[in-house]
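*Asks:* Below is the file query01.cif, which contains mmCIF, C-alpha atoms.
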data_structure
loop_
_atom_site.label_atom_id
_atom_site.label_comp_id
_atom_site.auth_asym_id
_atom_site.auth_seq_id
_atom_site.Cartn_x
_atom_site.Cartn_y
_atom_site.Cartn_z
CA MET A 897 0.00 0.00 0.00
CA ARG A 898 2.91 2.33 0.61
CA HIS A 899 3.94 1.90 -3.01
CA LEU A 900 0.41 2.81 -4.06
CA SER A 901 0.56 6.14 -2.20
CA LEU A 902 3.98 6.88 -3.69
CA PHE A 903 2.62 6.01 -7.14
CA LEU A 904 -0.36 8.33 -6.65
CA GLY A 905 1.89 11.14 -5.45
CA LEU A 906 4.18 10.82 -8.45
CA ASN A 907 1.22 10.75 -10.83
CA LEU A 908 -0.04 13.97 -9.27
CA CYS A 909 3.39 15.56 -9.76
CA PHE A 910 3.49 14.59 -13.42
CA ALA A 911 -0.09 15.76 -14.01
CA LEU A 912 0.67 19.15 -12.49
CA LEU A 913 3.86 19.53 -14.50
CA ALA A 914 2.04 18.58 -17.70
CA ALA A 915 -0.75 21.05 -16.94
CA GLN A 916 1.78 23.79 -16.27
CA LYS A 917 3.57 23.14 -19.57
CA SER A 918 0.28 23.19 -21.50
CA VAL A 919 -0.46 26.75 -20.33
CA PRO A 920 0.66 29.03 -23.19
CA GLN A 921 3.37 31.44 -22.18
CA ASN A 922 4.49 34.40 -24.24
CA ASN A 923 8.23 34.29 -23.85
CA SER A 924 10.05 36.54 -26.26
CA ILE A 925 13.48 35.25 -27.17
CA VAL A 926 16.18 37.40 -28.65
CA ASP A 927 17.32 35.71 -31.82
CA VAL A 928 21.07 35.84 -31.83
CA GLY A 929 22.63 33.77 -34.56
CA VAL A 930 25.58 31.55 -33.78
CA PHE A 931 27.98 33.47 -35.99
CA ASP A 932 26.23 36.85 -36.11
CA ALA A 933 27.51 38.58 -33.00
CA PRO A 934 29.52 37.78 -29.93
CA ILE A 935 27.57 37.26 -26.72
CA SER A 936 29.11 40.35 -25.10
CA ASN A 937 27.34 42.64 -27.59
CA VAL A 938 23.86 41.42 -26.63
CA SER A 939 22.32 43.57 -23.92
CA ARG A 940 19.65 42.52 -21.47
CA ALA A 941 17.52 45.51 -22.43
CA ALA A 942 16.94 44.04 -25.89
CA ALA A 943 14.49 41.46 -24.53
CA PRO A 944 11.32 43.04 -23.12
CA LYS A 945 10.27 41.74 -19.73
CA SER A 946 7.10 39.72 -19.69
CA THR A 947 4.46 41.24 -17.41
CA GLU A 948 2.20 38.22 -17.79
CA SER A 949 1.28 36.32 -14.68
CA VAL A 950 2.80 32.85 -14.43
CA PHE A 951 0.23 31.80 -11.80
CA SER A 952 -2.37 29.25 -12.88
CA LYS A 953 -5.59 29.37 -10.86
CA ARG A 954 -6.71 26.01 -12.24
CA ILE A 955 -3.59 24.22 -11.01
CA PHE A 956 -3.68 25.93 -7.62
CA TRP A 957 -7.33 25.11 -6.91
CA THR A 958 -6.79 21.53 -8.10
CA GLU A 959 -3.96 21.24 -5.58
CA VAL A 960 -6.13 22.73 -2.83
CA GLY A 961 -8.97 20.34 -3.67
CA THR A 962 -6.83 17.22 -3.64
CA TYR A 963 -5.11 18.36 -0.43
CA THR A 964 -8.51 18.95 1.21
CA VAL A 965 -9.95 15.59 0.14
CA SER A 966 -6.91 13.69 1.39
CA ASN A 967 -6.98 15.70 4.65
CA ILE A 968 -10.67 14.88 5.21
CA LEU A 969 -10.19 11.18 4.50
CA ASP A 970 -7.16 11.04 6.80
CA GLY A 971 -9.06 12.90 9.51
CA TYR A 972 -12.12 10.70 9.32
CA THR A 973 -10.12 7.49 9.52
CA THR A 974 -8.01 8.94 12.35
CA ILE A 975 -11.09 9.81 14.41
CA ALA A 976 -12.96 6.55 13.60
CA ARG A 977 -10.17 4.39 14.92
CA PRO A 978 -10.58 0.98 16.55
CA GLN A 979 -10.98 0.83 20.34
CA GLY A 980 -7.61 0.90 22.04
CA TYR A 981 -5.76 2.41 19.07
CA GLU A 982 -3.47 5.32 19.85
CA GLU A 983 -1.96 7.80 17.41
CA ALA A 984 1.69 6.98 16.71
CA GLY A 985 4.71 9.22 17.17
CA PHE A 986 6.53 11.30 14.57
CA PRO A 987 7.68 9.01 11.81
CA ARG A 988 4.37 7.14 11.51
CA GLY A 989 1.82 9.47 13.12
CA SER A 990 1.03 12.92 14.49
CA SER A 991 0.68 12.40 18.24
CA PHE A 992 2.86 15.46 18.89
CA LEU A 993 0.16 17.61 17.23
CA LEU A 994 -3.04 15.68 17.88
CA GLY A 995 -2.37 13.74 21.07
CA THR A 996 -2.68 9.99 21.43
CA GLN A 997 -6.52 9.99 21.36
CA PRO A 998 -7.40 12.83 18.93
CA SER A 999 -10.89 14.28 18.89
CA ALA A 1000 -12.63 15.65 15.81
CA ALA A 1001 -12.38 19.23 17.05
CA ARG A 1002 -8.66 18.96 17.73
CA TYR A 1003 -8.01 17.35 14.35
CA VAL A 1004 -9.97 20.02 12.47
CA ALA A 1005 -8.33 22.87 14.39
CA THR A 1006 -4.79 21.54 14.04
CA MET A 1007 -4.79 20.10 10.54
CA GLY A 1008 -7.12 22.80 9.22
CA ALA A 1009 -4.73 25.50 10.43
CA LEU A 1010 -1.79 23.65 8.89
CA GLN A 1011 -3.60 23.32 5.58
CA VAL A 1012 -4.57 27.00 5.49
CA ALA A 1013 -0.99 28.04 6.27
CA THR A 1014 0.45 25.66 3.66
CA SER A 1015 -2.06 26.76 1.02
CA PHE A 1016 -1.33 30.44 1.70
CA ALA A 1017 2.43 29.89 1.47
CA ALA A 1018 2.00 27.90 -1.75
CA TYR A 1019 -0.26 30.60 -3.18
CA ARG A 1020 2.37 33.24 -2.55
CA LEU A 1021 5.21 31.08 -3.87
CA GLU A 1022 3.31 30.12 -7.03
CA HIS A 1023 2.84 33.81 -7.87
CA SER A 1024 6.61 34.28 -8.06
CA HIS A 1025 8.32 34.95 -11.37
CA ARG A 1026 11.16 32.65 -10.30
CA ARG A 1027 10.69 29.06 -11.36
CA PHE A 1028 12.41 27.65 -8.27
CA LEU A 1029 9.93 29.39 -5.95
CA ARG A 1030 6.94 28.26 -8.03
CA VAL A 1031 8.18 24.67 -7.88
CA ALA A 1032 8.63 25.04 -4.11
CA GLY A 1033 4.97 26.11 -3.84
CA HIS A 1034 3.79 23.11 -5.84
CA THR A 1035 6.03 20.87 -3.74
CA LEU A 1036 4.42 22.11 -0.52
CA MET A 1037 0.97 21.19 -1.77
CA ILE A 1038 2.06 17.83 -3.17
CA GLN A 1039 3.87 16.92 0.06
CA GLY A 1040 0.78 17.74 2.14
CA THR A 1041 -1.43 15.69 -0.16
CA TYR A 1042 1.01 12.78 -0.06
CA ALA A 1043 1.29 12.88 3.74
CA HIS A 1044 -2.48 12.79 4.27
CA THR A 1045 -2.98 10.10 1.61
CA ASP A 1046 -0.32 8.01 3.31
CA GLY A 1047 -2.03 8.56 6.68
CA PHE A 1048 -5.39 7.54 5.23
CA ILE A 1049 -3.94 4.33 3.80
CA ARG A 1050 -2.17 3.50 7.08
CA ASN A 1051 -5.39 4.08 9.03
CA ILE A 1052 -7.31 1.74 6.71
CA LEU A 1053 -4.60 -0.91 7.19
CA VAL A 1054 -4.83 -0.54 10.99
CA GLN A 1055 -8.60 -1.02 10.83
CA GLU A 1056 -8.18 -4.14 8.69
CA LYS A 1057 -5.80 -5.64 11.25
CA ALA A 1058 -8.53 -5.49 13.89
CA PRO A 1059 -11.14 -7.83 12.32
CA THR A 1060 -13.28 -8.24 15.45
CA LEU A 1061 -13.81 -4.49 15.80
CA PRO A 1062 -16.35 -2.64 13.66
CA LYS A 1063 -14.75 -0.95 10.65
CA ALA A 1064 -15.36 2.72 9.91
CA SER A 1065 -17.82 3.37 7.15
CA LEU A 1066 -16.95 6.21 4.82
CA VAL A 1067 -20.55 6.43 3.62
CA SER A 1068 -22.12 8.43 6.42
CA ILE A 1069 -21.27 9.46 9.93
CA THR A 1070 -24.92 9.87 10.88
CA SER A 1071 -25.81 6.28 9.98
CA ARG A 1072 -24.52 5.13 13.37
CA ARG A 1073 -27.85 5.81 15.04
CA SER A 1074 -30.07 2.81 15.43
CA SER A 1075 -33.68 2.97 14.31
CA ALA A 1076 -34.81 2.93 17.96
CA GLU A 1077 -32.98 6.21 18.61
CA VAL A 1078 -34.67 8.12 15.82
CA ARG A 1079 -37.14 10.54 17.33
CA PRO A 1080 -39.52 12.85 15.48
CA HIS A 1081 -38.50 16.53 15.42
CA LYS A 1082 -40.74 18.96 17.25
#
Take the structure from the file and write it as structure tokens.
*Replies:*
Amino acid sequence: MRHLSLFLGLNLCFALLAAQKSVPQNNSIVDVGVFDAPISNVSRAAAPKSTESVFSKRIFWTEVGTYTVSNILDGYTTIARPQGYEEAGFPRGSSFLLGTQPSAARYVATMGALQVATSFAAYRLEHSHRRFLRVAGHTLMIQGTYAHTDGFIRNILVQEKAPTLPKASLVSITSRRSSAEVRPHK
């Protein structure tokens, strides 16, 4: 399963890079022939600076959406854990942020704040005219998506190892009420 999450993360990287390359960019190139003039005679002022934005809203919001979905799935499977399960330490879990028995409110507050901060930093980095900073912004979002996808897969594997305990259903949280508990609304 770990290879599956790595495979999904790499596919996301390639999809984002392909989408970025398909966005038309108007880069003007100074045509200097090989034998026409020495390089020292070409000035930087000859090439006009592009004032076009290099930021792609479509790519950014796709990254935010995939990050959010993976965060929600990881959060749900973290909260709906088997009885007796405790959140692991740093390399395999987030007990330093969430505690050993995380509640839904603590997960949403902690991981929601981290996602907002990461998304804001990525937004600012992806607006840069420097390619290295734009790639760093995409890397932040991809790393967050990968980490939550990996956490989701690990949580599912933990639930499968406890066959006698009820497994979490991703269909509906409200379906846990029995029919005897349903009361008419006043």
*Asks:* Please, what distance in Å, to one decimal, runs between CA of Thr1045 (chain A) and CA of Lys953 (chain A)?
*Replies:*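 Separation between CA of Thr1045 (chain A) and CA of Lys953 (chain A): 23.1 Å.
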*Asks:* For region 964-968 of chain A, find every residue with an atom within 6 Å (counting all atoms listed in the file), except residues of its own chain fewer than 2 positions away, and show them as a PyMOL selection string.
*Replies:* chain A and resi 961-962+970-971+1044-1045
*Asks:* From the list A:Gly989, A:Gly1047, A:Pro998, A:Gly1033, which residue is nearest Phe956 (chain A) when using only C-alpha atoms?
*Replies:*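 Using only C-alpha atoms, Phe956 (chain A) sits closest to A:Gly1033.
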*Asks:* Just the number, please: distance in Å from CA of Ser952 (chain A) to CA of Glu1022 (chain A), one decimal.
*Replies:*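 So the answer is 8.2 Å.
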*Asks:* Distance CA of Met1037 (chain A)-CA of Glu959 (chain A), one decimal place?
*Replies:* 6.2 Å
*Asks:* Go through A:Ala1009, A:Leu1036, A:Leu969, A:Ala1043 and flag the residue nearest Leu1021 (chain A), using only C-alpha atoms for the distances.
*Replies:* A:Leu1036
*Asks:* Expand the PyMOL selection byres ((chain A and resi 1003) around 9) into the explicit residue set it covers here, and present it as a list in words.
*Replies:* Gly971, Thr974, Ile975, Leu993, Leu994, Pro998, Ser999, Ala1000, Ala1001, Arg1002, Val1004, Ala1005, Thr1006, Met1007 and Gly1008 of chain A
*Asks:* Each side padded by 6 Å, which centre and which edge lengths in Å (one decimal) define the axis-aligned box around the listed atoms of region 1009-1015 of chain A? Give them as lines of an AutoDock Vina configuration file.
*Replies:*
center_x = -2.1
center_y = 25.7
center_z = 5.7
size_x = 17.2
size_y = 16.7
size_z = 21.4
*Asks:* Starting from the shown file, work through the PyMOL selection byres ((chain A and resi 1034) around 12) and note down what comes out as a PyMOL selection string.
*Replies:* chain A and resi 908-913+916+951-952+955-960+963+1014-1024+1027-1033+1035-1041
*Asks:* Convert the current residue selection to file output with C-alpha atoms, as a PDB file, in the frame of the given file.
*Replies:*
ATOM      1  CA  LEU A 908      -0.040  13.970  -9.270  1.00  0.00           C
ATOM      2  CA  CYS A 909       3.390  15.560  -9.760  1.00  0.00           C
ATOM      3  CA  PHE A 910       3.490  14.590 -13.420  1.00  0.00           C
ATOM      4  CA  ALA A 911      -0.090  15.760 -14.010  1.00  0.00           C
ATOM      5  CA  LEU A 912       0.670  19.150 -12.490  1.00  0.00           C
ATOM      6  CA  LEU A 913       3.860  19.530 -14.500  1.00  0.00           C
ATOM      7  CA  GLN A 916       1.780  23.790 -16.270  1.00  0.00           C
ATOM      8  CA  PHE A 951       0.230  31.800 -11.800  1.00  0.00           C
ATOM      9  CA  SER A 952      -2.370  29.250 -12.880  1.00  0.00           C
ATOM     10  CA  ILE A 955      -3.590  24.220 -11.010  1.00  0.00           C
ATOM     11  CA  PHE A 956      -3.680  25.930  -7.620  1.00  0.00           C
ATOM     12  CA  TRP A 957      -7.330  25.110  -6.910  1.00  0.00           C
ATOM     13  CA  THR A 958      -6.790  21.530  -8.100  1.00  0.00           C
ATOM     14  CA  GLU A 959      -3.960  21.240  -5.580  1.00  0.00           C
ATOM     15  CA  VAL A 960      -6.130  22.730  -2.830  1.00  0.00           C
ATOM     16  CA  TYR A 963      -5.110  18.360  -0.430  1.00  0.00           C
ATOM     17  CA  THR A1014       0.450  25.660   3.660  1.00  0.00           C
ATOM     18  CA  SER A1015      -2.060  26.760   1.020  1.00  0.00           C
ATOM     19  CA  PHE A1016      -1.330  30.440   1.700  1.00  0.00           C
ATOM     20  CA  ALA A1017       2.430  29.890   1.470  1.00  0.00           C
ATOM     21  CA  ALA A1018       2.000  27.900  -1.750  1.00  0.00           C
ATOM     22  CA  TYR A1019      -0.260  30.600  -3.180  1.00  0.00           C
ATOM     23  CA  ARG A1020       2.370  33.240  -2.550  1.00  0.00           C
ATOM     24  CA  LEU A1021       5.210  31.080  -3.870  1.00  0.00           C
ATOM     25  CA  GLU A1022       3.310  30.120  -7.030  1.00  0.00           C
ATOM     26  CA  HIS A1023       2.840  33.810  -7.870  1.00  0.00           C
ATOM     27  CA  SER A1024       6.610  34.280  -8.060  1.00  0.00           C
ATOM     28  CA  ARG A1027      10.690  29.060 -11.360  1.00  0.00           C
ATOM     29  CA  PHE A1028      12.410  27.650  -8.270  1.00  0.00           C
ATOM     30  CA  LEU A1029       9.930  29.390  -5.950  1.00  0.00           C
ATOM     31  CA  ARG A1030       6.940  28.260  -8.030  1.00  0.00           C
ATOM     32  CA  VAL A1031       8.180  24.670  -7.880  1.00  0.00           C
ATOM     33  CA  ALA A1032       8.630  25.040  -4.110  1.00  0.00           C
ATOM     34  CA  GLY A1033       4.970  26.110  -3.840  1.00  0.00           C
ATOM     35  CA  THR A1035       6.030  20.870  -3.740  1.00  0.00           C
ATOM     36  CA  LEU A1036       4.420  22.110  -0.520  1.00  0.00           C
ATOM     37  CA  MET A1037       0.970  21.190  -1.770  1.00  0.00           C
ATOM     38  CA  ILE A1038       2.060  17.830  -3.170  1.00  0.00           C
ATOM     39  CA  GLN A1039       3.870  16.920   0.060  1.00  0.00           C
ATOM     40  CA  GLY A1040       0.780  17.740   2.140  1.00  0.00           C
ATOM     41  CA  THR A1041      -1.430  15.690  -0.160  1.00  0.00           C
TER      42      THR A1041
END
*Asks:* Considering all atoms listed in the file, state which residue in the set A:Ala1013, A:Lys1057, A:Tyr981, A:Arg1026 is at the smallest distance from Val950 (chain A).
*Replies:*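 That would be A:Arg1026, the residue with the smallest distance to Val950 (chain A).
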*Asks:* Quick one: of A:Tyr1042, A:Phe1048, A:Thr996, A:Val1054, who's nearest to Pro978 (chain A), counting only C-alpha atoms?
*Replies:*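 Residue with the minimum atom-to-atom distance to Pro978 (chain A): A:Val1054.
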